[in-house]
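Source file: coords.pdb (PDB, C-alpha atoms and all ligand atoms)
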```
ATOM      1  CA  MET S  10     -17.853  16.060 -47.599
ATOM      2  CA  ALA S  11     -18.401  12.905 -49.636
ATOM      3  CA  SER S  12     -19.620  13.798 -53.131
ATOM      4  CA  ARG S  13     -23.163  13.007 -54.179
ATOM      5  CA  SER S  14     -21.850  10.472 -56.736
ATOM      6  CA  GLN S  15     -19.701   8.733 -54.090
ATOM      7  CA  MET S  16     -22.713   8.436 -51.809
ATOM      8  CA  ASP S  17     -24.916   7.254 -54.668
ATOM      9  CA  SER S  18     -22.440   4.531 -55.645
ATOM     10  CA  LEU S  19     -22.428   3.276 -52.051
ATOM     11  CA  ALA S  20     -26.208   3.124 -51.813
ATOM     12  CA  PRO S  21     -26.880  -0.427 -53.132
ATOM     13  CA  ALA S  22     -24.229  -2.003 -50.885
ATOM     14  CA  LEU S  23     -25.470  -0.036 -47.898
ATOM     15  CA  ALA S  24     -29.078  -1.047 -48.506
ATOM     16  CA  ALA S  25     -28.153  -4.749 -48.583
ATOM     17  CA  ASP S  26     -25.930  -4.365 -45.548
ATOM     18  CA  LYS S  27     -28.652  -2.550 -43.637
ATOM     19  CA  ALA S  28     -31.080  -5.389 -44.283
ATOM     20  CA  ALA S  29     -28.503  -7.906 -43.032
ATOM     21  CA  ALA S  30     -27.776  -5.818 -39.930
ATOM     22  CA  LEU S  31     -31.417  -5.424 -38.991
ATOM     23  CA  ARG S  32     -31.948  -9.168 -39.324
ATOM     24  CA  LEU S  33     -29.162  -9.638 -36.742
ATOM     25  CA  THR S  34     -30.272  -6.847 -34.433
ATOM     26  CA  PRO S  35     -33.875  -5.835 -35.149
ATOM     27  CA  VAL S  36     -35.077  -2.387 -34.078
ATOM     28  CA  SER S  37     -38.380  -0.543 -34.095
ATOM     29  CA  ARG S  38     -39.346   1.714 -37.019
ATOM     30  CA  GLU S  39     -38.733   4.727 -34.806
ATOM     31  CA  THR S  40     -35.203   3.643 -33.912
ATOM     32  CA  GLU S  41     -34.523   2.726 -37.546
ATOM     33  CA  ALA S  42     -35.509   6.249 -38.598
ATOM     34  CA  ARG S  43     -33.126   7.708 -36.005
ATOM     35  CA  LEU S  44     -30.329   5.462 -37.247
ATOM     36  CA  ASP S  45     -31.041   6.450 -40.865
ATOM     37  CA  ALA S  46     -30.632  10.116 -39.945
ATOM     38  CA  TYR S  47     -27.373   9.341 -38.145
ATOM     39  CA  VAL S  48     -26.004   7.337 -41.083
ATOM     40  CA  GLU S  49     -26.830  10.116 -43.524
ATOM     41  CA  LEU S  50     -24.906  12.614 -41.398
ATOM     42  CA  LEU S  51     -21.982  10.250 -40.915
ATOM     43  CA  LEU S  52     -21.666   9.763 -44.671
ATOM     44  CA  GLN S  53     -21.674  13.528 -45.186
ATOM     45  CA  TRP S  54     -18.941  14.109 -42.584
ATOM     46  CA  GLN S  55     -16.839  11.087 -43.450
ATOM     47  CA  ALA S  56     -14.812  12.786 -46.183
ATOM     48  CA  LYS S  57     -13.656  15.676 -43.995
ATOM     49  CA  THR S  58     -13.378  13.810 -40.689
ATOM     50  CA  ASN S  59     -12.235  10.209 -40.682
ATOM     51  CA  LEU S  60     -15.001   8.754 -38.544
ATOM     52  CA  VAL S  61     -14.725   5.115 -39.636
ATOM     53  CA  ALA S  62     -12.132   3.268 -41.702
ATOM     54  CA  PRO S  63     -13.123   4.034 -45.331
ATOM     55  CA  SER S  64     -12.815   0.360 -46.269
ATOM     56  CA  THR S  65     -15.638  -0.460 -43.830
ATOM     57  CA  LEU S  66     -18.160   2.026 -45.270
ATOM     58  CA  PRO S  67     -20.037  -0.539 -47.426
ATOM     59  CA  GLN S  68     -20.516  -2.601 -44.232
ATOM     60  CA  LEU S  69     -21.401   0.387 -42.063
ATOM     61  CA  TRP S  70     -24.588  -1.253 -40.796
ATOM     62  CA  THR S  71     -23.169  -4.670 -39.906
ATOM     63  CA  ARG S  72     -19.630  -3.676 -38.869
ATOM     64  CA  HIS S  73     -20.580  -0.657 -36.822
ATOM     65  CA  ILE S  74     -24.309  -0.282 -36.175
ATOM     66  CA  ALA S  75     -25.266  -3.906 -35.462
ATOM     67  CA  ASP S  76     -22.011  -4.278 -33.512
ATOM     68  CA  SER S  77     -23.220  -1.426 -31.294
ATOM     69  CA  LEU S  78     -26.878  -2.471 -31.171
ATOM     70  CA  GLN S  79     -26.060  -5.890 -29.737
ATOM     71  CA  LEU S  80     -24.953  -4.190 -26.503
ATOM     72  CA  ALA S  81     -28.472  -2.889 -25.881
ATOM     73  CA  ALA S  82     -29.707  -6.495 -25.684
ATOM     74  CA  LEU S  83     -27.031  -7.351 -23.123
ATOM     75  CA  ALA S  84     -28.248  -4.672 -20.705
ATOM     76  CA  PRO S  85     -31.978  -4.396 -21.385
ATOM     77  CA  THR S  86     -32.795  -2.662 -18.095
ATOM     78  CA  ALA S  87     -29.858  -0.213 -18.087
ATOM     79  CA  ARG S  88     -30.976   3.415 -18.309
ATOM     80  CA  THR S  89     -27.851   5.500 -17.686
ATOM     81  CA  TRP S  90     -24.941   4.648 -19.975
ATOM     82  CA  LEU S  91     -21.415   5.950 -20.436
ATOM     83  CA  ASP S  92     -19.549   5.408 -23.708
ATOM     84  CA  ILE S  93     -15.807   6.064 -23.484
ATOM     85  CA  GLY S  94     -14.081   7.334 -26.655
ATOM     86  CA  SER S  95     -17.183   7.500 -28.833
ATOM     87  CA  GLY S  96     -15.315   8.732 -31.937
ATOM     88  CA  GLY S  97     -17.767   8.520 -34.834
ATOM     89  CA  GLY S  98     -20.529   7.372 -32.506
ATOM     90  CA  PHE S  99     -19.991   3.650 -31.933
ATOM     91  CA  PRO S 100     -21.539   2.443 -29.815
ATOM     92  CA  GLY S 101     -22.625   5.697 -28.124
ATOM     93  CA  VAL S 102     -24.843   7.357 -30.742
ATOM     94  CA  VAL S 103     -26.413   4.042 -31.731
ATOM     95  CA  LEU S 104     -27.297   3.349 -28.101
ATOM     96  CA  ALA S 105     -28.653   6.902 -27.768
ATOM     97  CA  CYS S 106     -31.022   6.148 -30.665
ATOM     98  CA  VAL S 107     -32.279   3.027 -28.861
ATOM     99  CA  LEU S 108     -32.573   4.782 -25.503
ATOM    100  CA  ALA S 109     -34.630   7.654 -26.917
ATOM    101  CA  GLU S 110     -37.417   5.112 -27.271
ATOM    102  CA  ARG S 111     -36.583   2.736 -24.429
ATOM    103  CA  GLY S 112     -36.015   5.503 -21.920
ATOM    104  CA  GLY S 113     -32.544   6.396 -20.759
ATOM    105  CA  THR S 114     -29.526   8.383 -21.810
ATOM    106  CA  VAL S 115     -25.857   8.022 -22.796
ATOM    107  CA  LEU S 116     -22.891  10.158 -21.820
ATOM    108  CA  LEU S 117     -20.468  10.187 -24.747
ATOM    109  CA  VAL S 118     -16.943  11.096 -23.652
ATOM    110  CA  GLU S 119     -14.625  12.054 -26.503
ATOM    111  CA  ARG S 120     -11.354  13.963 -26.266
ATOM    112  CA  ILE S 121     -11.075  15.208 -29.876
ATOM    113  CA  ALA S 122     -13.046  18.431 -30.418
ATOM    114  CA  LYS S 123     -13.951  17.780 -34.051
ATOM    115  CA  LYS S 124     -15.356  14.359 -33.207
ATOM    116  CA  ALA S 125     -17.237  15.757 -30.223
ATOM    117  CA  ALA S 126     -18.799  18.348 -32.557
ATOM    118  CA  PHE S 127     -19.854  15.542 -34.894
ATOM    119  CA  LEU S 128     -21.333  13.567 -32.000
ATOM    120  CA  ARG S 129     -23.408  16.562 -30.877
ATOM    121  CA  GLU S 130     -24.726  17.029 -34.393
ATOM    122  CA  ALA S 131     -25.433  13.283 -34.651
ATOM    123  CA  LEU S 132     -27.525  13.397 -31.468
ATOM    124  CA  ARG S 133     -29.349  16.460 -32.786
ATOM    125  CA  VAL S 134     -30.294  15.039 -36.189
ATOM    126  CA  SER S 135     -31.161  11.586 -34.861
ATOM    127  CA  GLY S 136     -32.960  12.716 -31.729
ATOM    128  CA  GLY S 137     -30.792  10.304 -29.765
ATOM    129  CA  ALA S 138     -30.895  10.577 -25.991
ATOM    130  CA  GLY S 139     -27.416  11.576 -24.969
ATOM    131  CA  GLN S 140     -24.942  14.223 -23.943
ATOM    132  CA  VAL S 141     -21.449  14.766 -25.304
ATOM    133  CA  ILE S 142     -18.576  15.540 -22.967
ATOM    134  CA  LEU S 143     -15.433  16.873 -24.637
ATOM    135  CA  ALA S 144     -12.750  15.527 -22.315
ATOM    136  CA  ASP S 145     -10.211  12.838 -21.687
ATOM    137  CA  ILE S 146     -11.970  10.171 -19.633
ATOM    138  CA  GLY S 147      -9.022  10.141 -17.265
ATOM    139  CA  ASP S 148      -9.720  13.786 -16.419
ATOM    140  CA  CYS S 149     -13.481  13.638 -15.930
ATOM    141  CA  VAL S 150     -14.269  10.378 -14.108
ATOM    142  CA  ASP S 151     -14.830  12.205 -10.823
ATOM    143  CA  SER S 152     -17.206  14.780 -12.314
ATOM    144  CA  LEU S 153     -19.451  12.488 -14.368
ATOM    145  CA  PRO S 154     -23.131  12.363 -13.448
ATOM    146  CA  GLN S 155     -23.848   9.169 -11.545
ATOM    147  CA  PRO S 156     -25.068   6.528 -10.905
ATOM    148  CA  LEU S 157     -24.321   4.708 -14.155
ATOM    149  CA  ASP S 158     -25.936   1.425 -15.169
ATOM    150  CA  CYS S 159     -23.660   0.450 -18.048
ATOM    151  CA  ILE S 160     -20.212   1.502 -19.301
ATOM    152  CA  THR S 161     -19.123   0.766 -22.862
ATOM    153  CA  ALA S 162     -16.080   1.258 -25.071
ATOM    154  CA  ARG S 163     -14.953   0.029 -28.469
ATOM    155  CA  ALA S 164     -11.478   0.372 -29.964
ATOM    156  CA  VAL S 165     -10.314   2.908 -27.385
ATOM    157  CA  ALA S 166      -7.677   1.365 -25.090
ATOM    158  CA  PRO S 167      -6.372  -1.979 -23.829
ATOM    159  CA  LEU S 168      -8.761  -3.788 -21.513
ATOM    160  CA  HIS S 169      -6.730  -3.190 -18.355
ATOM    161  CA  GLN S 170      -6.874   0.568 -18.963
ATOM    162  CA  LEU S 171     -10.615   0.519 -19.657
ATOM    163  CA  ILE S 172     -11.127  -1.381 -16.412
ATOM    164  CA  GLY S 173      -9.118   1.290 -14.608
ATOM    165  CA  PHE S 174     -11.467   3.983 -15.959
ATOM    166  CA  ALA S 175     -14.547   1.931 -15.080
ATOM    167  CA  GLU S 176     -13.524   0.836 -11.597
ATOM    168  CA  PRO S 177     -14.582   3.987  -9.682
ATOM    169  CA  LEU S 178     -17.866   4.146 -11.619
ATOM    170  CA  LEU S 179     -19.017   0.526 -11.460
ATOM    171  CA  ARG S 180     -21.447   0.407  -8.554
ATOM    172  CA  PRO S 181     -23.178  -2.867  -7.549
ATOM    173  CA  GLY S 182     -25.786  -3.792 -10.131
ATOM    174  CA  ALA S 183     -24.006  -1.945 -12.938
ATOM    175  CA  LYS S 184     -21.911  -3.527 -15.665
ATOM    176  CA  ALA S 185     -19.286  -2.759 -18.274
ATOM    177  CA  LEU S 186     -19.522  -4.067 -21.842
ATOM    178  CA  PHE S 187     -16.286  -3.727 -23.794
ATOM    179  CA  LEU S 188     -16.153  -4.675 -27.464
ATOM    180  CA  LYS S 189     -12.898  -6.478 -28.186
ATOM    181  CA  GLY S 190     -11.251  -8.311 -31.078
ATOM    182  CA  GLN S 191      -9.318 -11.509 -31.554
ATOM    183  CA  ASP S 192      -6.678 -10.603 -28.953
ATOM    184  CA  VAL S 193      -9.193 -10.751 -26.118
ATOM    185  CA  ASP S 194      -7.424 -13.632 -24.366
ATOM    186  CA  ALA S 195      -4.136 -11.732 -24.226
ATOM    187  CA  GLU S 196      -5.941  -8.600 -23.018
ATOM    188  CA  LEU S 197      -7.686 -10.568 -20.264
ATOM    189  CA  THR S 198      -4.387 -12.085 -19.185
ATOM    190  CA  GLU S 199      -2.788  -8.644 -19.032
ATOM    191  CA  ALA S 200      -5.770  -7.239 -17.129
ATOM    192  CA  ALA S 201      -5.511 -10.052 -14.582
ATOM    193  CA  ARG S 202      -2.113  -8.683 -13.517
ATOM    194  CA  TYR S 203      -3.874  -5.661 -12.054
ATOM    195  CA  TRP S 204      -7.511  -6.608 -11.471
ATOM    196  CA  LYS S 205      -9.494  -9.466  -9.981
ATOM    197  CA  LEU S 206     -12.331 -10.125 -12.383
ATOM    198  CA  GLN S 207     -14.957 -12.658 -13.289
ATOM    199  CA  PRO S 208     -15.695 -11.613 -16.859
ATOM    200  CA  ARG S 209     -18.313 -13.159 -19.086
ATOM    201  CA  LEU S 210     -17.465 -13.359 -22.751
ATOM    202  CA  HIS S 211     -20.061 -13.140 -25.492
ATOM    203  CA  ALA S 212     -19.212 -13.934 -29.103
ATOM    204  CA  SER S 213     -20.113 -10.972 -31.277
ATOM    205  CA  LEU S 214     -23.333 -11.418 -33.224
ATOM    206  CA  THR S 215     -21.643  -9.728 -36.144
ATOM    207  CA  GLY S 216     -19.168 -12.568 -36.558
ATOM    208  CA  GLY S 217     -15.482 -12.240 -37.271
ATOM    209  CA  GLN S 218     -13.227 -12.416 -34.260
ATOM    210  CA  GLY S 219     -15.253 -10.051 -32.112
ATOM    211  CA  TRP S 220     -16.040 -10.539 -28.445
ATOM    212  CA  ILE S 221     -17.909  -8.592 -25.829
ATOM    213  CA  VAL S 222     -16.322  -8.622 -22.384
ATOM    214  CA  GLU S 223     -18.974  -8.204 -19.704
ATOM    215  CA  ILE S 224     -17.754  -7.210 -16.258
ATOM    216  CA  ASP S 225     -19.947  -6.492 -13.247
ATOM    217  CA  ARG S 226     -17.369  -6.443 -10.482
ATOM    218  CA  ILE S 227     -13.822  -5.087 -10.359
ATOM    219  CA  GLU S 228     -11.344  -5.498  -7.535
ATOM    220  CA  ARG S 229      -7.910  -3.967  -7.674
ATOM    221  CA  LEU S 230      -5.109  -6.412  -6.848
ATOM    222  CA  GLU S 231      -2.694  -5.123  -4.257
ATOM    223  CA  GLN S 232       0.241  -6.594  -6.137
ATOM    224  CA  SER S 233       0.669  -7.864  -9.664
ATOM    225  CA  ALA S 234      -0.640 -11.389  -9.938
ATOM    226  CA  SER S 235      -0.703 -14.145 -12.493
ATOM    227  CA  ALA S 236      -3.796 -14.687 -14.592
ATOM    228  CA  SER S 237      -6.962 -15.184 -12.596
ATOM    229  CA  VAL S 238      -9.550 -14.636 -15.306
ATOM    230  CA  ALA S 239     -11.237 -17.269 -17.395
ATOM    231  CA  PRO S 240      -9.765 -17.771 -20.878
ATOM    232  CA  LYS S 241     -11.938 -17.536 -23.973
ATOM    233  CA  SER S 242     -12.503 -21.291 -23.932
ATOM    234  CA  ALA S 243     -14.736 -20.714 -20.901
ATOM    235  CA  ALA S 244     -16.832 -18.131 -22.708
ATOM    236  CA  THR S 245     -20.601 -18.242 -22.607
ATOM    237  CA  GLY S 246     -20.630 -17.582 -26.339
ATOM    238  CA  SER S 247     -24.116 -16.221 -25.924
ATOM    239  CA  VAL S 248     -25.554 -12.821 -26.561
ATOM    240  CA  GLY S 249     -28.812 -11.808 -24.981
ATOM    241  CA  THR S 250     -28.398 -13.726 -21.759
ATOM    242  CA  GLY S 251     -26.534 -11.093 -19.848
ATOM    243  CA  GLU S 252     -29.265  -9.931 -17.532
TER     244      GLU S 252
HETATM  245  C1  LIG B 301     -10.262   4.217 -32.714
HETATM  246  S1  LIG B 301     -11.434   5.406 -32.214
HETATM  247  C2  LIG B 301     -12.877   4.403 -31.905
HETATM  248  C3  LIG B 301     -14.113   5.224 -31.910
HETATM  249  C4  LIG B 301     -15.398   4.434 -31.644
HETATM  250  N1  LIG B 301     -15.482   3.957 -30.276
HETATM  251  C5  LIG B 301     -15.524   3.278 -32.607
HETATM  252  O1  LIG B 301     -15.445   2.132 -32.182
HETATM  253  O2  LIG B 301     -15.711   3.530 -33.814
HETATM  254  C6  LIG B 301     -10.928   5.822 -30.554
HETATM  255  C7  LIG B 301     -11.616   7.081 -30.071
HETATM  256  O3  LIG B 301     -11.446   7.177 -28.679
HETATM  257  C8  LIG B 301     -11.044   8.473 -28.343
HETATM  258  N2  LIG B 301     -10.249   8.364 -27.111
HETATM  259  C9  LIG B 301      -9.111   7.619 -26.926
HETATM  260  N3  LIG B 301      -8.687   7.719 -25.665
HETATM  261  C10 LIG B 301      -9.561   8.535 -25.018
HETATM  262  C11 LIG B 301      -9.634   9.047 -23.687
HETATM  263  N4  LIG B 301      -8.700   8.752 -22.785
HETATM  264  N5  LIG B 301     -10.664   9.864 -23.371
HETATM  265  C12 LIG B 301     -11.613  10.196 -24.293
HETATM  266  N6  LIG B 301     -11.577   9.758 -25.579
HETATM  267  C13 LIG B 301     -10.570   8.943 -25.941
HETATM  268  C14 LIG B 301     -10.240   8.953 -29.541
HETATM  269  O4  LIG B 301     -10.195  10.356 -29.611
HETATM  270  C15 LIG B 301     -11.024   8.326 -30.683
HETATM  271  O5  LIG B 301     -12.040   9.163 -31.135
END
```
Could you express the structure from this file as structure tokens?
Ligand SMILES: C[S@@+](CC[C@H](N)C(=O)[O-])C[C@H]1O[C@@H](n2cnc3c(N)ncnc32)[C@H](O)[C@@H]1O
Amino acid sequence: MASRSQMDSLAPALAADKAAALRLTPVSRETEARLDAYVELLLQWQAKTNLVAPSTLPQLWTRHIADSLQLAALAPTARTWLDIGSGGGFPGVVLACVLAERGGTVLLVERIAKKAAFLREALRVSGGAGQVILADIGDCVDSLPQPLDCITARAVAPLHQLIGFAEPLLRPGAKALFLKGQDVDAELTEAARYWKLQPRLHASLTGGQGWIVEIDRIERLEQSASASVAPKSAATGSVGTGE
């Protein structure tokens, strides 16, 4: 566990970062309280289980929580969510905190037992609305409760693989929201070898080189094909217009 003095020395930076994050992605007092409980637990577990890159801890709220919260605004009517590879809880636990108030639930699929144990404890202390499934997503797609309204993933696998996981689950009216970094164009080009897509790209509210790839329809190509997806230059660049 992180020592008391380590946590105390982080407190001023975290307080400023939290204020910045909640200006970007405002939440209710109830959701904020849930997120506070989650953050406290994450800081306690961080020393024994590497849940986030240690260098990002002072920016925990902007780099991780606001990054996750922005997805809720892109699918405001979605009730049943699936987060693939939730790890330390991004975006899954954060979305569970939002959905506890909004109404809805998140399935958090994680294949590492220690992280799944953390996720269960995070849902317990925060009161987030979710369920943890300890499994490889490739092994449990067929047994997941359905229908799903929204599928998410961050930092889990290349886009073409995520699309492969999502394809059998993405019914009409549902969508996938994948958080991606600066290589999004290359990932879209690679994905277009296997899938016919019409993705929408949203620039991340949290800045940097982040993008959200929104996909609401996936067709498998019979044979490999050259790129058929829009490059980043055709992005909407807008968050909050996805519904
Ligand atoms: C780099 S971490 C990212 C965690 C979190 N999504 C985030 O953005 O902070 C990737 C996580 O995905 C999990 N993971 C990778 N492939 C997976 C799979 N096929 N099924 C379930 N979990 C997977 C790993 O165990 C790990 O916890």
**Message:** Which residues are near ligand LIG 301 (chain B) - at most 8 Å, using only C-alpha atoms and all ligand atoms? Format: as a ChimeraX atom specification.
**Reply:** /S:60-61,73,92-101,118-121,124,143-147,162-166
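Nearest-residue note for Trp54 of chain S: choosing from S:Ile224, S:Ala126, S:Ala42, S:Ala200, the minimum distance belongs to S:Ala126, counting all atoms listed in the file.
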Please put the answer as AutoDock Vina command-line options: centre and edge lengths, in Å with one decimal, of a box along x, y and z that encloses all listed atoms of segment 111-119 of chain S plus 8 Å on each side.
```
--center_x -25.6 --center_y 7.4 --center_z -23.6 --size_x 38.0 --size_y 25.3 --size_z 21.7
```
**Message:** If the PyMOL selection byres (((chain S and resi 51) around 10) and not hetatm) were run on this exact file, what residues would it hold? Put them as number ranges by chain.
**Reply:** S: 10-11, 45-50, 52-56, 58-61, 69, 97-98, 127-128, 130-131
**Prompt:** If you count all atoms listed in the file, which residues fall within 7 Å of segment 185-197 of chain S, apart from same-chain ones fewer than 2 positions away, as a list of chain:residue names?
**Reply:** S:Cys159, S:Ile160, S:Thr161, S:Ala162, S:Arg163, S:Pro167, S:Leu168, S:Glu199, S:Ala200, S:Ala201, S:Gln218, S:Gly219, S:Trp220, S:Ile221, S:Val222, S:Glu223, S:Ile224, S:Asp225, S:Val238, S:Pro240, S:Lys241
**Prompt:** S:Ser18, S:Ser77, S:Ser135, S:Thr89: which is nearest Glu39 of chain S, counting only C-alpha atoms?
**Reply:** S:Ser135
**Prompt:** Any chance you could work out the residue set of the PyMOL selection byres (((chain S and resi 154) around 10) and not hetatm) here, as a PyMOL selection string?
**Reply:** chain S and resi 89+91+116+150-153+155-157+178
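When atom CA of Leu117 of chain S is paired with atom CA of Leu214 of chain S, their separation reads 23.4 Å.
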**Item:** Selected residue, from S:Asp17, S:Glu228, S:Glu41, S:Asp26, that lies nearest to Pro177 of chain S when counting only C-alpha atoms
**Value:** S:Glu228
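The interatomic distance for the pair atom CA of Pro208 of chain S and atom CA of Ala75 of chain S works out to 22.3 Å.
Residues within 12 Å of Arg88 of chain S, counting all atoms listed in the file and excluding same-chain residues fewer than 5 positions away, are Ala81, Leu104, Ala105, Val107, Leu108, Ala109, Glu110, Arg111, Gly112, Gly113, Thr114, Val115, Leu116, Ala138, Gly139, Gln155, Pro156, Leu157, Asp158, Cys159, Ile160, Ala183 and Lys184 of chain S.
Around Asp76 of chain S, within 7 Å and counting only C-alpha atoms, the residues found are S:Thr71, S:Arg72, S:Thr215, once anything fewer than 4 positions away on its own chain is removed.
A straight line drawn from atom CA of Leu179 of chain S to atom CA of Trp204 of chain S is 13.5 Å long.
You can rank S:Ala122, S:Leu23, S:Ile172, S:Val134 by their closest distance to Thr65 of chain S using all atoms listed in the file, and at the top of that list sits S:Leu23.
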